[in-house]
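A.B. asks: The following block contains the structure, expressed as structure tokens.
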Amino acid sequence: MIFKKFISIPLLLLISFTVFSQEKNNSDSNKQKFTISGTISDTKSNETLIGVNVAVPELKIATTTNEYGFYSITLPKGEYEISISYVGFESISEKISLVKNTKKSYSLSESGQELKEVVISTEKNTANIRKPEMSVNKLSISAIKKMPVVMGEVDVIKSILFLPGVTNAGEGQSGFNVRGGGADQNLILLDEATIFNSSHVFGFFSVFNPDAIKDLKLYKGGIPSKYGGRASSVLDIYQKDGNSNDFHMNGGIGLITSRILAEGPIVKDKGSFLVGGRASYAHLFLKLANNDNSAYFYDLNTKLNYKFDPNNSLYLSGYFGRDVFSLNETFANTYGNATLNLRWNHLFSEKLFSNLSFIYSNYYYGLTLDFLGFNWDSGIKNYNLKYDFKHYISNNIKLNYGFNSTYYNFNPGTIDPSSPDSTINFKQLEKKYAFENGIYAEAEQILTDKLAINYGARFSIFNRLGNSTVNQYENNQPVAYDSDLKIYEKATPIGTTSYKKNQSIATYNYFEPRLSAAYELNKNQSVKASYNRMVQYLQLVSNTASPTPLDVWTPSDNYIKPQIADQVAIGYFNNFKDNLYTLELESFYKKIKNRMDYIDGADLVANEAIEQVILNGEMRSYGLEVLLRKNSGKLNGWIAYTISKSQQRTPGRTSDEIGINNGQWYRSAYDKLHNIAATANYTLNQKWNFGGNFTLQSGQPTNFPNGQYVYQGITIPSYGERNRNSLPIYHHLDISATYIPKPYKNKGWQGEWVFSIYNIYNRKNAASISFRENADTGANEAVKLSIFGAVPSVSYNFKF
């Protein structure tokens, strides 16, 4: 029955699409039509470009290139002028005579002046007005590299914190929260492979080397049907392919980190390679001071691609990163991600593009505690097969459809004695396995000259699999309630059930509809609306509000339910003063079922029965986002403001239970009422460029004690409602200056100096506030922990 639903839903959609297109084609049968298609790339590197506008102005027809630089337009037989434009590149206009299906690829050259002055968007704003796409933010790498960052290291994750609806997970953390959701509710993809932990050095840096990044998109709502598995957002990042024309190297030397990247042709104009490395070396200074402590990271990006013919291309991309932290040789921590993706692009026809991917992703966490005599290993692996199709039915209808299957292997923890005389015995916490499948179909359709819609659906099936032993509980409730003390506590298992390898323990399947629409008021204004349902089958077990390496992922099962998120949004978009300025207003409401909540006093580390401390609750968030951008000129940038609420509730399961926080709505750990972010870039001349960032956010929710009592001589604090208090307001101002000694030099060694100051007025933002008894006075006092003050930095970037 499930299989029939799995197949029938997309088939019904595709049949309706096909019938519609056939009727439309029949009505136009007296007009002979042909298709022009091809790829668009950078002249210098032959790197394909994403989101390039391809338009036929006289017919008011336009499209954009896909993730692999491919475009397709179908036109009546005749002569036309085709216009190709991409911000930062010289535009092309060319007359074509279309008398048959034609393959035509283009190369664009960088526009030096425009590249320095226009850094905000990677596609024309007029296209954004008509496209049924909302709650999507795109940042060019050139814009990111001009933004001041902590310790002089360009950071993709910290850059998106200046977008509306996005807040930081905490001072010094590279995780992020979108529209009031948790950091675990964001799907982060690098060349289609899942990144489970996006931070280096416990959040000081992100894992993304900016030199290797080609394009990124953040979907906050109206999420396309091809994505699934997370409740809040999708951050989709693609690596560069590599220069297939000439060999080049570039890199940077900073106070804390350095990086280098090499790229060049394997076979000129047909294949290329890219290899990039990055490492920190602050720990070397500790060694010079006879300090045995150490903290550093390194990572490697690589990519190979080869074009066999105009219809077939093969890509192999990978990432490997590790963090190492040690303390006096008694404590050592190693963690990091590894990914590998083999992709085959195939063009079935000038209208049907496909991408087949085999993906491996692994997140590893290791801990050595010599003073306790054991090693700890944990992690999550997945193996993913996905096949995606983009079908250009006509200029009015474009289809996206495909499937993906993912197999998960969870290791909650392996405890291993670190020496022969250790008193610790080997123990393997029971591994968990799961299999997730999804199939989707989606259409982007222009209904009238004013109205365009995007509609589709995803159908997903999730199986929690054996080999496992599952506890059984009275009334199927792993959490017991003490009605006398009015507290929740662990239930005692009444038995167990054993499942063989690959035997199904629990199965879920969900229909996930998606819909968005854009109505053009005039050529510069539009209103848009969207709805999407997302289902998240993986849960992050964590006792912190920000993603730390010790967090453990676990699959949904018969006790831990999948999170189900429904989000609606409506927005107004306006380009004015000849696209010099852009205004975007969006209002959203999001509700999530089955959000995990922890009982008071829950122990999460090395817990073999995590279901005993978890209750299923719900979340809701709503707000208004405002984004005002200046798109061009010597001074450009944007101001973003978000006002929003994020709340959580876990009512009692019966009328006798009080639930968490007395069953009332309370502020989630990600609730920040006000969020203001501004970034600006000013080009003084060809040699000097200046940048500035400012951010101000409401304080993060927290719990302060509201009293204390003494028990057997021990002072114990007491707490009231959850997240009733807040940390102080968070804000800082960052500035940077970039100096290019020889701006007109286009060949050979080219260098630039980047000077920056993070938090220029030395704001001591609170990462946390703890309470203690003063040793001298005996009075209680609050102690604020601040990670950063003012941080000056200098780095030297080069290329040749």
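Labels used: A, B, ... for chains in the order of the structure tokens, numbers from 1 for residues in each chain, and numbers from 1 for ligands as shown.
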Please list as a count of residues only every residue within 9 Å of A:Tyr401, counting only C-alpha atoms and excluding residues in the same chain fewer than 5 positions away.

C.D. replies: 14

A.B. asks: A:Gly692: which residues within 6 Å, counting only C-alpha atoms, same-chain residues fewer than 4 positions away excluded, as a ChimeraX atom specification?

C.D. replies: /A:679-680,734-735

A.B. asks: Would you mind listing what lies within 8 Å of A:Thr48 as number ranges by chain, with only C-alpha atoms counted and same-chain residues fewer than 5 positions away left out?

C.D. replies: A: 39-42, 68-69, 241

A.B. asks: Just to be explicit: take each residue in the selection above, keep all heavy atoms, and write the result as a PDB file, in the first residue's frame.

C.D. replies:
ATOM      1  N   THR A  39      25.492  25.519 -22.200  1.00  0.00           N
ATOM      2  CA  THR A  39      26.033  25.904 -20.898  1.00  0.00           C
ATOM      3  C   THR A  39      26.676  27.278 -20.996  1.00  0.00           C
ATOM      4  O   THR A  39      27.074  27.728 -22.072  1.00  0.00           O
ATOM      5  CB  THR A  39      27.083  24.891 -20.399  1.00  0.00           C
ATOM      6  OG1 THR A  39      28.136  24.797 -21.358  1.00  0.00           O
ATOM      7  CG2 THR A  39      26.464  23.530 -20.190  1.00  0.00           C
ATOM      8  N   ILE A  40      26.766  27.941 -19.856  1.00  0.00           N
ATOM      9  CA  ILE A  40      27.387  29.262 -19.786  1.00  0.00           C
ATOM     10  C   ILE A  40      28.490  29.198 -18.736  1.00  0.00           C
ATOM     11  O   ILE A  40      28.282  28.707 -17.624  1.00  0.00           O
ATOM     12  CB  ILE A  40      26.358  30.347 -19.436  1.00  0.00           C
ATOM     13  CG1 ILE A  40      25.271  30.381 -20.512  1.00  0.00           C
ATOM     14  CG2 ILE A  40      27.025  31.705 -19.308  1.00  0.00           C
ATOM     15  CD1 ILE A  40      24.162  31.353 -20.252  1.00  0.00           C
ATOM     16  N   SER A  41      29.673  29.691 -19.106  1.00  0.00           N
ATOM     17  CA  SER A  41      30.838  29.540 -18.247  1.00  0.00           C
ATOM     18  C   SER A  41      31.654  30.825 -18.206  1.00  0.00           C
ATOM     19  O   SER A  41      31.432  31.768 -18.976  1.00  0.00           O
ATOM     20  CB  SER A  41      31.710  28.378 -18.731  1.00  0.00           C
ATOM     21  OG  SER A  41      32.119  28.597 -20.073  1.00  0.00           O
ATOM     22  N   ASP A  42      32.628  30.830 -17.303  1.00  0.00           N
ATOM     23  CA  ASP A  42      33.577  31.925 -17.152  1.00  0.00           C
ATOM     24  C   ASP A  42      34.680  31.760 -18.200  1.00  0.00           C
ATOM     25  O   ASP A  42      35.264  30.684 -18.335  1.00  0.00           O
ATOM     26  CB  ASP A  42      34.162  31.875 -15.743  1.00  0.00           C
ATOM     27  CG  ASP A  42      35.111  33.021 -15.426  1.00  0.00           C
ATOM     28  OD1 ASP A  42      35.610  33.667 -16.361  1.00  0.00           O
ATOM     29  OD2 ASP A  42      35.372  33.254 -14.236  1.00  0.00           O
ATOM     30  N   TYR A  68      24.492  23.393 -12.778  1.00  0.00           N
ATOM     31  CA  TYR A  68      25.632  22.989 -13.597  1.00  0.00           C
ATOM     32  C   TYR A  68      25.808  23.880 -14.827  1.00  0.00           C
ATOM     33  O   TYR A  68      26.459  23.506 -15.795  1.00  0.00           O
ATOM     34  CB  TYR A  68      25.491  21.516 -14.006  1.00  0.00           C
ATOM     35  CG  TYR A  68      25.464  20.612 -12.812  1.00  0.00           C
ATOM     36  CD1 TYR A  68      24.260  20.239 -12.221  1.00  0.00           C
ATOM     37  CD2 TYR A  68      26.644  20.152 -12.244  1.00  0.00           C
ATOM     38  CE1 TYR A  68      24.237  19.429 -11.101  1.00  0.00           C
ATOM     39  CE2 TYR A  68      26.632  19.343 -11.129  1.00  0.00           C
ATOM     40  CZ  TYR A  68      25.424  18.983 -10.563  1.00  0.00           C
ATOM     41  OH  TYR A  68      25.406  18.181  -9.442  1.00  0.00           O
ATOM     42  N   GLY A  69      25.188  25.074 -14.772  1.00  0.00           N
ATOM     43  CA  GLY A  69      25.378  26.049 -15.835  1.00  0.00           C
ATOM     44  C   GLY A  69      24.577  25.787 -17.091  1.00  0.00           C
ATOM     45  O   GLY A  69      24.810  26.430 -18.122  1.00  0.00           O
ATOM     46  N   ASP A 241      34.494  23.934  -9.755  1.00  0.00           N
ATOM     47  CA  ASP A 241      34.890  22.759 -10.535  1.00  0.00           C
ATOM     48  C   ASP A 241      36.388  22.702 -10.789  1.00  0.00           C
ATOM     49  O   ASP A 241      36.954  21.622 -10.941  1.00  0.00           O
ATOM     50  CB  ASP A 241      34.159  22.746 -11.882  1.00  0.00           C
ATOM     51  CG  ASP A 241      32.668  22.621 -11.718  1.00  0.00           C
ATOM     52  OD1 ASP A 241      32.236  22.039 -10.707  1.00  0.00           O
ATOM     53  OD2 ASP A 241      31.925  23.104 -12.588  1.00  0.00           O
TER      54      ASP A 241
END

A.B. asks: With only C-alpha atoms as the counted atoms, please give the residues lying no more than 8 Å from stretch 258-263 of chain A, apart from itself and same-chain residues fewer than 5 positions off, as a PyMOL selection string.

C.D. replies: chain A and resi 211-212+242-243+247-253+272-280

A.B. asks: What would the file look like if the residues just selected were written as a JSON list (two decimals), in the first residue's frame with C-alpha atoms?

C.D. replies:
[["chain", "number", "residue", "atom", "x", "y", "z"],
["A", 211, "ASP", "CA", 38.50, 29.77, -1.95],
["A", 212, "ALA", "CA", 36.84, 26.47, -2.93],
["A", 242, "GLY", "CA", 38.45, 23.91, -11.22],
["A", 243, "ASN", "CA", 40.04, 25.86, -14.07],
["A", 247, "PHE", "CA", 46.94, 26.26, -14.02],
["A", 248, "HIS", "CA", 46.43, 28.73, -11.16],
["A", 249, "MET", "CA", 47.11, 28.90, -7.45],
["A", 250, "ASN", "CA", 45.74, 31.18, -4.77],
["A", 251, "GLY", "CA", 45.76, 31.33, -1.01],
["A", 252, "GLY", "CA", 46.15, 33.44, 2.07],
["A", 253, "ILE", "CA", 48.40, 33.81, 5.10],
["A", 272, "SER", "CA", 40.05, 19.92, -14.55],
["A", 273, "PHE", "CA", 41.14, 19.38, -10.96],
["A", 274, "LEU", "CA", 40.93, 21.41, -7.78],
["A", 275, "VAL", "CA", 42.80, 20.79, -4.54],
["A", 276, "GLY", "CA", 42.61, 23.13, -1.57],
["A", 277, "GLY", "CA", 43.99, 22.91, 1.94],
["A", 278, "ARG", "CA", 43.63, 24.99, 5.07],
["A", 279, "ALA", "CA", 45.15, 24.75, 8.55],
["A", 280, "SER", "CA", 45.50, 26.67, 11.78]]

A.B. asks: Show me, as a PyMOL selection string, the residues that have an atom within 10 Å of A:Tyr408 when counting only C-alpha atoms, minus same-chain residues fewer than 4 positions from it.

C.D. replies: chain A and resi 361-362+380-384+432-436+464-465+538+554-555

A.B. asks: For the contact check between stretch 646-713 of chain A and stretch 176-193 of chain A, emit one row per residue of stretch 646-713 of chain A within 12 Å, containing the shortest atom pair and the distance in Å rounded to one decimal, counting only C-alpha atoms, chain then rising number order, as CSV.

C.D. replies:
residue,atom,partner,partner_atom,distance
A:Ser646,CA,A:Gly180,CA,5.0
A:Gln647,CA,A:Gly180,CA,8.1
A:Gln648,CA,A:Gly180,CA,10.3
A:Arg667,CA,A:Gly180,CA,10.0
A:Ser668,CA,A:Gly180,CA,7.9
A:Ala669,CA,A:Gly182,CA,8.0
A:Tyr670,CA,A:Gly180,CA,5.5
A:Asp671,CA,A:Gly180,CA,5.9
A:Lys672,CA,A:Gly180,CA,7.8
A:Leu673,CA,A:Gly180,CA,9.7
A:His674,CA,A:Gly180,CA,11.6
A:Asn675,CA,A:Arg179,CA,11.0
A:Gln700,CA,A:Gly180,CA,11.6

A.B. asks: Store the residues of this selection in a file with all heavy atoms, as a CSV table (one decimal), in the first residue's frame.

C.D. replies:
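Writing the result to result-v4.csv gives the following:
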chain,number,residue,atom,x,y,z
A,646,SER,N,9.7,32.8,19.1
A,646,SER,CA,9.9,31.4,18.9
A,646,SER,C,9.5,30.7,20.3
A,646,SER,O,10.2,31.1,21.3
A,646,SER,CB,11.3,31.0,18.5
A,646,SER,OG,11.5,29.6,18.5
A,647,GLN,N,8.6,29.8,20.3
A,647,GLN,CA,8.1,29.3,21.6
A,647,GLN,C,8.0,27.7,21.5
A,647,GLN,O,7.9,27.2,20.4
A,647,GLN,CB,6.7,29.9,21.9
A,647,GLN,CG,6.7,31.4,22.1
A,647,GLN,CD,5.3,31.9,22.3
A,647,GLN,OE1,4.4,31.7,21.5
A,647,GLN,NE2,5.1,32.7,23.3
A,648,GLN,N,8.0,27.1,22.6
A,648,GLN,CA,7.9,25.7,22.7
A,648,GLN,C,6.9,25.3,23.8
A,648,GLN,O,6.7,26.0,24.8
A,648,GLN,CB,9.3,25.1,23.0
A,648,GLN,CG,9.4,23.6,22.9
A,648,GLN,CD,10.8,23.1,22.8
A,648,GLN,OE1,11.7,23.9,22.5
A,648,GLN,NE2,11.1,21.9,23.1
A,667,ARG,N,9.5,30.4,26.0
A,667,ARG,CA,10.5,30.8,25.0
A,667,ARG,C,11.4,29.7,24.7
A,667,ARG,O,12.0,29.0,25.5
A,667,ARG,CB,11.3,32.0,25.5
A,667,ARG,CG,10.5,33.3,25.7
A,667,ARG,CD,11.3,34.3,26.3
A,667,ARG,NE,12.4,34.8,25.5
A,667,ARG,CZ,13.5,35.4,25.9
A,667,ARG,NH1,13.6,35.7,27.2
A,667,ARG,NH2,14.4,35.8,25.0
A,668,SER,N,11.6,29.4,23.4
A,668,SER,CA,12.5,28.4,23.0
A,668,SER,C,13.9,28.9,23.2
A,668,SER,O,14.1,30.1,23.4
A,668,SER,CB,12.3,28.0,21.5
A,668,SER,OG,12.8,29.0,20.7
A,669,ALA,N,14.9,28.1,23.1
A,669,ALA,CA,16.3,28.5,23.3
A,669,ALA,C,16.8,29.4,22.2
A,669,ALA,O,17.9,30.0,22.3
A,669,ALA,CB,17.2,27.3,23.4
A,670,TYR,N,16.0,29.6,21.1
A,670,TYR,CA,16.4,30.3,19.9
A,670,TYR,C,15.5,31.6,19.7
A,670,TYR,O,15.6,32.3,18.7
A,670,TYR,CB,16.3,29.5,18.7
A,670,TYR,CG,16.5,28.0,19.0
A,670,TYR,CD1,15.4,27.1,19.0
A,670,TYR,CD2,17.7,27.5,19.3
A,670,TYR,CE1,15.6,25.8,19.3
A,670,TYR,CE2,17.9,26.2,19.6
A,670,TYR,CZ,16.8,25.3,19.6
A,670,TYR,OH,17.0,24.0,19.9
A,671,ASP,N,14.8,32.0,20.8
A,671,ASP,CA,13.9,33.1,20.7
A,671,ASP,C,14.7,34.4,20.8
A,671,ASP,O,15.3,34.6,21.9
A,671,ASP,CB,12.8,33.0,21.8
A,671,ASP,CG,11.9,34.2,21.7
A,671,ASP,OD1,11.3,34.5,20.7
A,671,ASP,OD2,11.8,34.9,22.8
A,672,LYS,N,14.6,35.3,19.8
A,672,LYS,CA,15.3,36.6,19.9
A,672,LYS,C,14.3,37.6,19.2
A,672,LYS,O,14.1,37.5,18.0
A,672,LYS,CB,16.6,36.6,19.2
A,672,LYS,CG,17.6,35.7,19.9
A,672,LYS,CD,19.0,35.8,19.2
A,672,LYS,CE,20.0,34.9,20.0
A,672,LYS,NZ,21.4,34.9,19.4
A,673,LEU,N,13.7,38.4,20.0
A,673,LEU,CA,12.6,39.3,19.6
A,673,LEU,C,13.1,40.2,18.5
A,673,LEU,O,12.4,40.3,17.4
A,673,LEU,CB,12.0,40.1,20.7
A,673,LEU,CG,10.9,41.0,20.4
A,673,LEU,CD1,9.7,40.2,19.9
A,673,LEU,CD2,10.5,41.8,21.6
A,674,HIS,N,14.2,40.8,18.7
A,674,HIS,CA,14.7,41.8,17.7
A,674,HIS,C,16.1,41.4,17.1
A,674,HIS,O,16.9,40.8,17.9
A,674,HIS,CB,14.9,43.2,18.3
A,674,HIS,CG,13.6,43.8,18.9
A,674,HIS,ND1,12.6,44.3,18.0
A,674,HIS,CD2,13.2,43.9,20.1
A,674,HIS,CE1,11.7,44.7,18.8
A,674,HIS,NE2,12.0,44.5,20.1
A,675,ASN,N,16.3,41.5,15.9
A,675,ASN,CA,17.5,41.2,15.2
A,675,ASN,C,17.8,42.2,14.1
A,675,ASN,O,17.0,42.3,13.1
A,675,ASN,CB,17.5,39.8,14.6
A,675,ASN,CG,18.8,39.4,13.9
A,675,ASN,OD1,19.8,40.0,14.2
A,675,ASN,ND2,18.7,38.5,13.0
A,700,GLN,N,19.9,36.1,24.3
A,700,GLN,CA,19.5,34.7,24.2
A,700,GLN,C,18.8,34.2,25.5
A,700,GLN,O,19.2,34.6,26.6
A,700,GLN,CB,20.7,33.8,23.9
A,700,GLN,CG,20.4,32.4,23.5
A,700,GLN,CD,21.6,31.8,22.8
A,700,GLN,OE1,22.5,32.4,22.4
A,700,GLN,NE2,21.6,30.4,22.9

A.B. asks: Name the residues in contact with stretch 777-793 of chain A at a cut-off of 7 Å, using only C-alpha atoms, excluding same-chain residues fewer than 3 positions from it; report them as a PDB file with C-alpha atoms, in the first residue's frame.

C.D. replies:
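Produced file selection.pdb, reproduced below:
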ATOM      1  CA  VAL A 150      36.783  37.353  13.499  1.00  0.00           C
ATOM      2  CA  MET A 151      40.509  36.581  13.361  1.00  0.00           C
ATOM      3  CA  GLY A 152      40.681  37.569   9.687  1.00  0.00           C
ATOM      4  CA  GLU A 171      28.963  33.874  20.780  1.00  0.00           C
ATOM      5  CA  GLY A 172      31.796  32.065  19.023  1.00  0.00           C
ATOM      6  CA  LEU A 255      47.711  35.329  12.013  1.00  0.00           C
ATOM      7  CA  PHE A 755      43.144  44.525   7.646  1.00  0.00           C
ATOM      8  CA  SER A 756      40.171  44.046   9.958  1.00  0.00           C
ATOM      9  CA  ILE A 757      38.986  44.648  13.493  1.00  0.00           C
ATOM     10  CA  TYR A 758      36.224  42.479  14.886  1.00  0.00           C
ATOM     11  CA  ASN A 759      34.158  44.153  17.628  1.00  0.00           C
ATOM     12  CA  ILE A 760      35.958  47.480  17.313  1.00  0.00           C
ATOM     13  CA  TYR A 761      34.470  49.033  20.471  1.00  0.00           C
ATOM     14  CA  ASN A 762      35.371  45.950  22.536  1.00  0.00           C
ATOM     15  CA  ARG A 763      31.856  44.917  23.539  1.00  0.00           C
ATOM     16  CA  LYS A 764      31.995  42.073  26.078  1.00  0.00           C
ATOM     17  CA  ASN A 765      29.050  40.019  24.860  1.00  0.00           C
ATOM     18  CA  ALA A 766      27.941  37.317  27.256  1.00  0.00           C
ATOM     19  CA  ALA A 767      28.255  33.736  26.084  1.00  0.00           C
ATOM     20  CA  SER A 768      26.786  32.679  29.439  1.00  0.00           C
ATOM     21  CA  ILE A 769      26.158  33.906  32.971  1.00  0.00           C
ATOM     22  CA  SER A 770      26.813  31.677  35.972  1.00  0.00           C
ATOM     23  CA  PHE A 771      26.189  32.227  39.674  1.00  0.00           C
ATOM     24  CA  ARG A 772      28.503  31.503  42.549  1.00  0.00           C
ATOM     25  CA  GLU A 773      29.168  32.368  46.162  1.00  0.00           C
ATOM     26  CA  ASN A 774      31.874  34.972  46.711  1.00  0.00           C
TER      27      ASN A 774
END

A.B. asks: For the strand (DSSP E or B) assignment from backbone DSSP, which residues of stretch 349-500 of chain A qualify? Please present them as a PyMOL selection string.

C.D. replies: chain A and resi 349+352-369+374-391+397-417+427-428+432-446+451-465+468-472+479-482+487-490+495-499

A.B. asks: Would you kindly return, as number ranges by chain, each protein, DNA or RNA residue with an atom no farther than 10 Å from any atom of A:Ala506, considering only C-alpha atoms and excluding same-chain residues fewer than 3 positions away?

C.D. replies: A: 434, 462-466, 503, 556-559, 561
